[in-house]
$ cat model19.pdb   # PDB, C-alpha atoms
MODEL        1
ATOM      1  CA  MET A 256       0.000   0.000   0.000
ATOM      2  CA  ALA A 257       1.261   3.489  -0.864
ATOM      3  CA  ALA A 258       2.140   5.806   2.020
ATOM      4  CA  GLU A 259       0.572   8.859   0.395
ATOM      5  CA  LEU A 260      -2.057   9.891  -2.099
ATOM      6  CA  HIS A 261      -2.209  12.695  -4.629
ATOM      7  CA  VAL A 262      -4.826  15.333  -3.835
ATOM      8  CA  ALA A 263      -6.228  17.986  -6.155
ATOM      9  CA  LEU A 264      -8.748  20.413  -4.685
ATOM     10  CA  VAL A 265     -10.244  22.560  -7.423
ATOM     11  CA  ALA A 266     -12.901  25.274  -7.247
ATOM     12  CA  ALA A 267     -14.881  26.609 -10.180
ATOM     13  CA  ASP A 268     -12.463  29.527 -10.545
ATOM     14  CA  ARG A 269      -9.058  28.061  -9.595
ATOM     15  CA  GLU A 270      -6.927  25.208  -8.321
ATOM     16  CA  VAL A 271      -6.994  25.719  -4.552
ATOM     17  CA  TRP A 272      -4.467  23.091  -3.451
ATOM     18  CA  SER A 273      -2.601  20.189  -5.011
ATOM     19  CA  GLY A 274      -0.007  17.879  -3.538
ATOM     20  CA  GLN A 275       0.750  14.696  -1.641
ATOM     21  CA  ALA A 276      -1.163  13.830   1.521
ATOM     22  CA  THR A 277      -1.521  11.039   4.053
ATOM     23  CA  LEU A 278      -5.136  11.792   5.055
ATOM     24  CA  VAL A 279      -8.045  13.919   3.841
ATOM     25  CA  VAL A 280     -11.206  14.426   5.887
ATOM     26  CA  ALA A 281     -14.305  15.862   4.196
ATOM     27  CA  ARG A 282     -18.054  16.031   4.780
ATOM     28  CA  THR A 283     -20.275  14.227   2.278
ATOM     29  CA  THR A 284     -24.017  13.750   2.083
ATOM     30  CA  SER A 285     -23.404  10.370   3.774
ATOM     31  CA  GLY A 286     -21.416  11.915   6.636
ATOM     32  CA  ASP A 287     -17.785  12.706   7.343
ATOM     33  CA  ILE A 288     -15.256  10.577   5.482
ATOM     34  CA  GLY A 289     -11.535  10.085   5.902
ATOM     35  CA  VAL A 290      -9.535   9.041   2.852
ATOM     36  CA  MET A 291      -6.086   7.509   3.247
ATOM     37  CA  PRO A 292      -3.768   5.864   0.723
ATOM     38  CA  GLY A 293      -5.260   2.598  -0.526
ATOM     39  CA  HIS A 294      -8.866   3.620   0.200
ATOM     40  CA  GLN A 295     -11.583   1.948  -1.830
ATOM     41  CA  PRO A 296     -12.653   3.877  -4.926
ATOM     42  CA  LEU A 297     -15.434   6.335  -4.170
ATOM     43  CA  LEU A 298     -17.596   9.008  -5.704
ATOM     44  CA  GLY A 299     -19.663  11.291  -3.504
ATOM     45  CA  VAL A 300     -21.314  14.651  -3.095
ATOM     46  CA  LEU A 301     -19.561  17.162  -0.846
ATOM     47  CA  GLU A 302     -21.544  19.014   1.784
ATOM     48  CA  SER A 303     -20.476  22.484   2.877
ATOM     49  CA  GLY A 304     -17.868  22.236   5.598
ATOM     50  CA  PRO A 305     -14.168  22.258   6.366
ATOM     51  CA  VAL A 306     -11.903  19.869   4.456
ATOM     52  CA  THR A 307      -8.733  18.924   6.328
ATOM     53  CA  ILE A 308      -5.677  17.723   4.414
ATOM     54  CA  ARG A 309      -2.716  16.210   6.282
ATOM     55  CA  THR A 310       0.225  16.759   3.963
ATOM     56  CA  SER A 311       3.064  14.306   3.465
ATOM     57  CA  GLU A 312       5.426  16.865   5.025
ATOM     58  CA  GLY A 313       3.431  16.773   8.274
ATOM     59  CA  GLY A 314       1.543  20.021   7.765
ATOM     60  CA  THR A 315      -2.185  20.628   7.709
ATOM     61  CA  VAL A 316      -4.200  22.473   5.082
ATOM     62  CA  VAL A 317      -7.776  23.432   5.969
ATOM     63  CA  VAL A 318     -10.216  24.594   3.308
ATOM     64  CA  ALA A 319     -13.804  25.858   3.526
ATOM     65  CA  VAL A 320     -15.714  23.983   0.822
ATOM     66  CA  HIS A 321     -19.225  24.919  -0.266
ATOM     67  CA  GLY A 322     -20.685  22.004  -2.227
ATOM     68  CA  GLY A 323     -19.167  19.875  -4.951
ATOM     69  CA  PHE A 324     -17.947  16.328  -5.547
ATOM     70  CA  ILE A 325     -15.287  13.975  -4.200
ATOM     71  CA  SER A 326     -13.710  11.177  -6.221
ATOM     72  CA  PHE A 327     -10.994   8.686  -5.325
ATOM     73  CA  ALA A 328      -9.359   6.033  -7.519
ATOM     74  CA  ASP A 329      -5.813   4.803  -8.111
ATOM     75  CA  ASN A 330      -4.502   6.774  -5.098
ATOM     76  CA  LYS A 331      -5.723  10.059  -6.622
ATOM     77  CA  LEU A 332      -8.263  12.123  -4.719
ATOM     78  CA  SER A 333     -10.143  14.870  -6.548
ATOM     79  CA  LEU A 334     -12.272  17.381  -4.707
ATOM     80  CA  LEU A 335     -14.265  19.515  -7.133
ATOM     81  CA  ALA A 336     -15.885  22.351  -5.220
ATOM     82  CA  GLU A 337     -18.356  25.001  -6.253
ATOM     83  CA  VAL A 338     -16.536  27.447  -3.944
ATOM     84  CA  ALA A 339     -13.425  26.792  -1.824
ATOM     85  CA  GLU A 340     -11.309  29.055   0.383
ATOM     86  CA  LEU A 341      -8.096  28.241   2.209
ATOM     87  CA  ALA A 342      -8.406  28.989   5.931
ATOM     88  CA  ASP A 343      -5.464  31.402   5.643
ATOM     89  CA  GLU A 344      -7.407  33.448   3.056
ATOM     90  CA  ILE A 345     -10.496  33.974   5.221
ATOM     91  CA  ASP A 346     -10.913  37.417   6.787
ATOM     92  CA  VAL A 347     -12.570  36.579  10.129
ATOM     93  CA  GLN A 348     -13.831  40.104  10.846
ATOM     94  CA  ARG A 349     -15.461  40.362   7.429
ATOM     95  CA  VAL A 350     -17.101  36.945   7.824
ATOM     96  CA  GLU A 351     -18.401  37.866  11.282
ATOM     97  CA  ARG A 352     -20.024  40.983   9.762
ATOM     98  CA  GLU A 353     -21.496  38.855   6.964
ATOM     99  CA  LEU A 354     -22.877  36.422   9.542
ATOM    100  CA  GLU A 355     -24.560  39.213  11.522
ATOM    101  CA  ARG A 356     -26.033  40.694   8.327
ATOM    102  CA  ALA A 357     -27.311  37.256   7.225
ATOM    103  CA  LYS A 358     -28.961  36.706  10.621
ATOM    104  CA  ALA A 359     -30.564  40.160  10.518
ATOM    105  CA  GLU A 360     -31.884  39.562   6.998
ATOM    106  CA  GLY A 361     -32.982  35.986   7.713
ATOM    107  CA  ASP A 362     -30.760  34.667   4.899
ATOM    108  CA  ALA A 363     -30.224  31.055   6.006
ATOM    109  CA  ALA A 364     -27.957  30.161   3.051
ATOM    110  CA  ALA A 365     -25.611  33.105   3.693
ATOM    111  CA  GLU A 366     -25.630  32.256   7.393
ATOM    112  CA  ARG A 367     -24.556  28.647   6.636
ATOM    113  CA  ARG A 368     -21.755  29.831   4.318
ATOM    114  CA  ALA A 369     -20.428  32.233   6.951
ATOM    115  CA  ASP A 370     -20.661  29.543   9.632
ATOM    116  CA  VAL A 371     -18.627  27.105   7.498
ATOM    117  CA  ARG A 372     -15.970  29.744   6.927
ATOM    118  CA  LEU A 373     -15.709  30.506  10.662
ATOM    119  CA  ARG A 374     -15.532  26.804  11.552
ATOM    120  CA  THR A 375     -12.775  26.375   8.975
ATOM    121  CA  VAL A 376     -10.683  29.142  10.507
ATOM    122  CA  SER A 377     -11.115  27.660  13.989
ATOM    123  CA  THR A 378     -10.002  24.214  12.680
ATOM    124  CA  ARG A 379      -6.599  25.293  11.415
TER     125      ARG A 379
ENDMDL
END
$ encode --input "model19.pdb" --output "structure tokens"
Amino acid sequence: MAAELHVALVAADREVWSGQATLVVARTTSGDIGVMPGHQPLLGVLESGPVTIRTSEGGTVVVAVHGGFISFADNKLSLLAEVAELADEIDVQRVERELERAKAEGDAAAERRADVRLRTVSTR
């Protein structure tokens, strides 16, 4: 069994992260899933939530993902997201303002997106 897998996390507008990893944890419509080298092939729908990537160098990459698909075969994991933001790119103060505005306006979808972004920042 291989000790690492190749990961490509792509959003509609850009490649967010690509590299070698030992573990990826993501939320699917079936629940949270952890993918390690040698995992069974899979195809699933991503739910909004943080995706955690443990890199081969021992680091951690955390990404806020808002919908998309996950696919794994031949030790290659593809995460195709509608929208994805690295935790390091998220402006917490701006997101907190967006969350308050969404609550005030009763915009449940915007509130969920802001919540995912805040949870992602707290995960890193």
$ residues_near_point --input "model19.pdb" --point "(-23.1, 16.2, -0.9)" --cutoff "9 Å" --atoms "all atoms listed in the file" --output "ChimeraX atom specification"
/A:282-286,299-303,322-325
$ residues_around --input "model19.pdb" --residues "Leu264 in chain A" --least-positions-apart "4" --cutoff "8 Å" --atoms "all atoms listed in the file" --output "PyMOL selection string"
chain A and resi 270-273+333-336
$ residues_around --input "model19.pdb" --residues "range 367-374 of chain A" --least-positions-apart "3" --cutoff "8 Å" --atoms "only C-alpha atoms" --output "CSV table (one decimal) with C-alpha atoms, in the coordinates of the input"
chain,number,residue,atom,x,y,z
A,303,SER,CA,-20.5,22.5,2.9
A,304,GLY,CA,-17.9,22.2,5.6
A,305,PRO,CA,-14.2,22.3,6.4
A,319,ALA,CA,-13.8,25.9,3.5
A,320,VAL,CA,-15.7,24.0,0.8
A,321,HIS,CA,-19.2,24.9,-0.3
A,342,ALA,CA,-8.4,29.0,5.9
A,345,ILE,CA,-10.5,34.0,5.2
A,347,VAL,CA,-12.6,36.6,10.1
A,350,VAL,CA,-17.1,36.9,7.8
A,351,GLU,CA,-18.4,37.9,11.3
A,353,GLU,CA,-21.5,38.9,7.0
A,354,LEU,CA,-22.9,36.4,9.5
A,363,ALA,CA,-30.2,31.1,6.0
A,364,ALA,CA,-28.0,30.2,3.1
A,377,SER,CA,-11.1,27.7,14.0
A,378,THR,CA,-10.0,24.2,12.7
$ residues_around --input "model19.pdb" --residues "Asn330 in chain A" --least-positions-apart "3" --cutoff "10 Å" --atoms "all atoms listed in the file" --output "CSV table (one decimal) with C-alpha atoms, in the frame of the given file"
chain,number,residue,atom,x,y,z
A,256,MET,CA,0.0,0.0,0.0
A,257,ALA,CA,1.3,3.5,-0.9
A,258,ALA,CA,2.1,5.8,2.0
A,259,GLU,CA,0.6,8.9,0.4
A,260,LEU,CA,-2.1,9.9,-2.1
A,261,HIS,CA,-2.2,12.7,-4.6
A,262,VAL,CA,-4.8,15.3,-3.8
A,290,VAL,CA,-9.5,9.0,2.9
A,291,MET,CA,-6.1,7.5,3.2
A,292,PRO,CA,-3.8,5.9,0.7
A,293,GLY,CA,-5.3,2.6,-0.5
A,294,HIS,CA,-8.9,3.6,0.2
A,295,GLN,CA,-11.6,1.9,-1.8
A,296,PRO,CA,-12.7,3.9,-4.9
A,327,PHE,CA,-11.0,8.7,-5.3
A,333,SER,CA,-10.1,14.9,-6.5
$ resolve_selection --input "model19.pdb" --expression "the PyMOL selection byres ((chain A and resi 310) around 9)" --output "list of chain:residue names"
A:Glu259, A:Gly274, A:Gln275, A:Ala276, A:Thr277, A:Leu278, A:Val279, A:Ile308, A:Arg309, A:Ser311, A:Glu312, A:Gly313, A:Gly314, A:Thr315, A:Val316
$ atom_distance --input "model19.pdb" --atom1 "CA of Asp268 in chain A" --atom2 "CA of Arg352 in chain A"
24.5 Å
$ closest_residue --input "model19.pdb" --among "A:Ala339, A:Ala281, A:Ala328, A:Ala266" --to "Val306 in chain A" --atoms "all atoms listed in the file"
A:Ala281
$ atom_distance --input "model19.pdb" --atom1 "CA of Asp346 in chain A" --atom2 "CA of Gly361 in chain A"
22.1 Å
$ atom_distance --input "model19.pdb" --atom1 "CA of Glu360 in chain A" --atom2 "CA of Gln348 in chain A"
18.5 Å
$ axis_aligned_box --input "model19.pdb" --around "range 336-340 of chain A" --padding-each-side "8 Å" --output "lines of an AutoDock Vina configuration file"
center_x = -14.8
center_y = 25.7
center_z = -2.9
size_x = 23.0
size_y = 22.7
size_z = 22.6
$ decode --input "model19.pdb" --residues "range 309-341 of chain A" --atoms "N, CA, C and O atoms" --output "short mmCIF file (atom, residue, chain, number, x, y, z; two decimals), in the first residue's frame"
data_model
loop_
_atom_site.label_atom_id
_atom_site.label_comp_id
_atom_site.auth_asym_id
_atom_site.auth_seq_id
_atom_site.Cartn_x
_atom_site.Cartn_y
_atom_site.Cartn_z
N ARG A 309 -3.99 16.42 5.59
CA ARG A 309 -2.72 16.21 6.28
C ARG A 309 -1.68 15.94 5.20
O ARG A 309 -1.71 14.92 4.53
N THR A 310 -0.76 16.88 5.04
CA THR A 310 0.22 16.76 3.96
C THR A 310 1.30 15.73 4.30
O THR A 310 1.52 15.40 5.47
N SER A 311 1.98 15.28 3.28
CA SER A 311 3.06 14.31 3.46
C SER A 311 4.22 14.88 4.26
O SER A 311 4.97 14.14 4.89
N GLU A 312 4.35 16.21 4.27
CA GLU A 312 5.43 16.86 5.03
C GLU A 312 5.06 17.06 6.49
O GLU A 312 5.83 17.63 7.26
N GLY A 313 3.85 16.64 6.89
CA GLY A 313 3.43 16.77 8.27
C GLY A 313 2.61 18.01 8.57
O GLY A 313 2.21 18.24 9.70
N GLY A 314 2.35 18.82 7.57
CA GLY A 314 1.54 20.02 7.77
C GLY A 314 0.06 19.73 7.60
O GLY A 314 -0.35 18.61 7.27
N THR A 315 -0.74 20.75 7.86
CA THR A 315 -2.19 20.63 7.71
C THR A 315 -2.70 21.79 6.88
O THR A 315 -2.34 22.95 7.12
N VAL A 316 -3.54 21.47 5.90
CA VAL A 316 -4.20 22.47 5.08
C VAL A 316 -5.69 22.33 5.36
O VAL A 316 -6.24 21.23 5.29
N VAL A 317 -6.35 23.45 5.70
CA VAL A 317 -7.78 23.43 5.97
C VAL A 317 -8.45 24.36 4.97
O VAL A 317 -8.01 25.49 4.77
N VAL A 318 -9.53 23.86 4.37
CA VAL A 318 -10.22 24.59 3.31
C VAL A 318 -11.71 24.60 3.58
O VAL A 318 -12.29 23.55 3.90
N ALA A 319 -12.34 25.77 3.46
CA ALA A 319 -13.80 25.86 3.53
C ALA A 319 -14.34 25.49 2.15
O ALA A 319 -13.99 26.13 1.15
N VAL A 320 -15.15 24.45 2.09
CA VAL A 320 -15.71 23.98 0.82
C VAL A 320 -17.23 24.15 0.88
O VAL A 320 -17.85 23.80 1.87
N HIS A 321 -17.79 24.69 -0.18
CA HIS A 321 -19.23 24.92 -0.27
C HIS A 321 -19.77 24.12 -1.45
O HIS A 321 -19.85 24.62 -2.57
N GLY A 322 -20.10 22.86 -1.20
CA GLY A 322 -20.69 22.00 -2.23
C GLY A 322 -19.67 21.50 -3.23
O GLY A 322 -18.57 22.03 -3.36
N GLY A 323 -20.03 20.42 -3.92
CA GLY A 323 -19.17 19.87 -4.95
C GLY A 323 -19.16 18.36 -4.93
O GLY A 323 -20.10 17.72 -4.44
N PHE A 324 -18.07 17.78 -5.42
CA PHE A 324 -17.95 16.33 -5.55
C PHE A 324 -16.58 15.86 -5.06
O PHE A 324 -15.61 16.61 -5.12
N ILE A 325 -16.54 14.61 -4.62
CA ILE A 325 -15.29 13.97 -4.20
C ILE A 325 -15.16 12.66 -4.97
O ILE A 325 -16.14 11.93 -5.13
N SER A 326 -13.96 12.39 -5.45
CA SER A 326 -13.71 11.18 -6.22
C SER A 326 -12.34 10.63 -5.85
O SER A 326 -11.37 11.39 -5.76
N PHE A 327 -12.27 9.32 -5.63
CA PHE A 327 -10.99 8.69 -5.33
C PHE A 327 -10.85 7.40 -6.12
O PHE A 327 -11.75 6.55 -6.12
N ALA A 328 -9.71 7.26 -6.80
CA ALA A 328 -9.36 6.03 -7.52
C ALA A 328 -7.86 6.08 -7.80
O ALA A 328 -7.29 7.15 -8.01
N ASP A 329 -7.24 4.92 -7.78
CA ASP A 329 -5.81 4.80 -8.11
C ASP A 329 -4.93 5.76 -7.30
O ASP A 329 -4.00 6.38 -7.84
N ASN A 330 -5.25 5.91 -6.02
CA ASN A 330 -4.50 6.77 -5.10
C ASN A 330 -4.50 8.24 -5.51
O ASN A 330 -3.57 8.99 -5.19
N LYS A 331 -5.55 8.66 -6.23
CA LYS A 331 -5.72 10.06 -6.62
C LYS A 331 -7.08 10.52 -6.11
O LYS A 331 -8.11 9.96 -6.46
N LEU A 332 -7.04 11.56 -5.28
CA LEU A 332 -8.26 12.12 -4.72
C LEU A 332 -8.54 13.47 -5.38
O LEU A 332 -7.67 14.35 -5.39
N SER A 333 -9.72 13.60 -5.93
CA SER A 333 -10.14 14.87 -6.55
C SER A 333 -11.31 15.42 -5.76
O SER A 333 -12.28 14.72 -5.50
N LEU A 334 -11.18 16.67 -5.36
CA LEU A 334 -12.27 17.38 -4.71
C LEU A 334 -12.63 18.54 -5.64
O LEU A 334 -11.80 19.43 -5.86
N LEU A 335 -13.81 18.50 -6.19
CA LEU A 335 -14.26 19.51 -7.13
C LEU A 335 -15.34 20.33 -6.43
O LEU A 335 -16.45 19.85 -6.23
N ALA A 336 -14.99 21.54 -6.04
CA ALA A 336 -15.88 22.35 -5.22
C ALA A 336 -16.50 23.49 -6.03
O ALA A 336 -15.87 24.03 -6.94
N GLU A 337 -17.73 23.83 -5.65
CA GLU A 337 -18.36 25.00 -6.25
C GLU A 337 -17.59 26.24 -5.83
O GLU A 337 -17.24 27.09 -6.64
N VAL A 338 -17.31 26.35 -4.52
CA VAL A 338 -16.54 27.45 -3.94
C VAL A 338 -15.62 26.84 -2.89
O VAL A 338 -16.05 25.99 -2.11
N ALA A 339 -14.37 27.27 -2.84
CA ALA A 339 -13.43 26.79 -1.82
C ALA A 339 -12.48 27.92 -1.44
O ALA A 339 -12.01 28.66 -2.31
N GLU A 340 -12.21 28.02 -0.12
CA GLU A 340 -11.31 29.06 0.38
C GLU A 340 -10.36 28.44 1.40
O GLU A 340 -10.80 27.77 2.33
N LEU A 341 -9.07 28.67 1.21
CA LEU A 341 -8.10 28.24 2.21
C LEU A 341 -8.35 29.00 3.50
O LEU A 341 -8.69 30.20 3.48
#
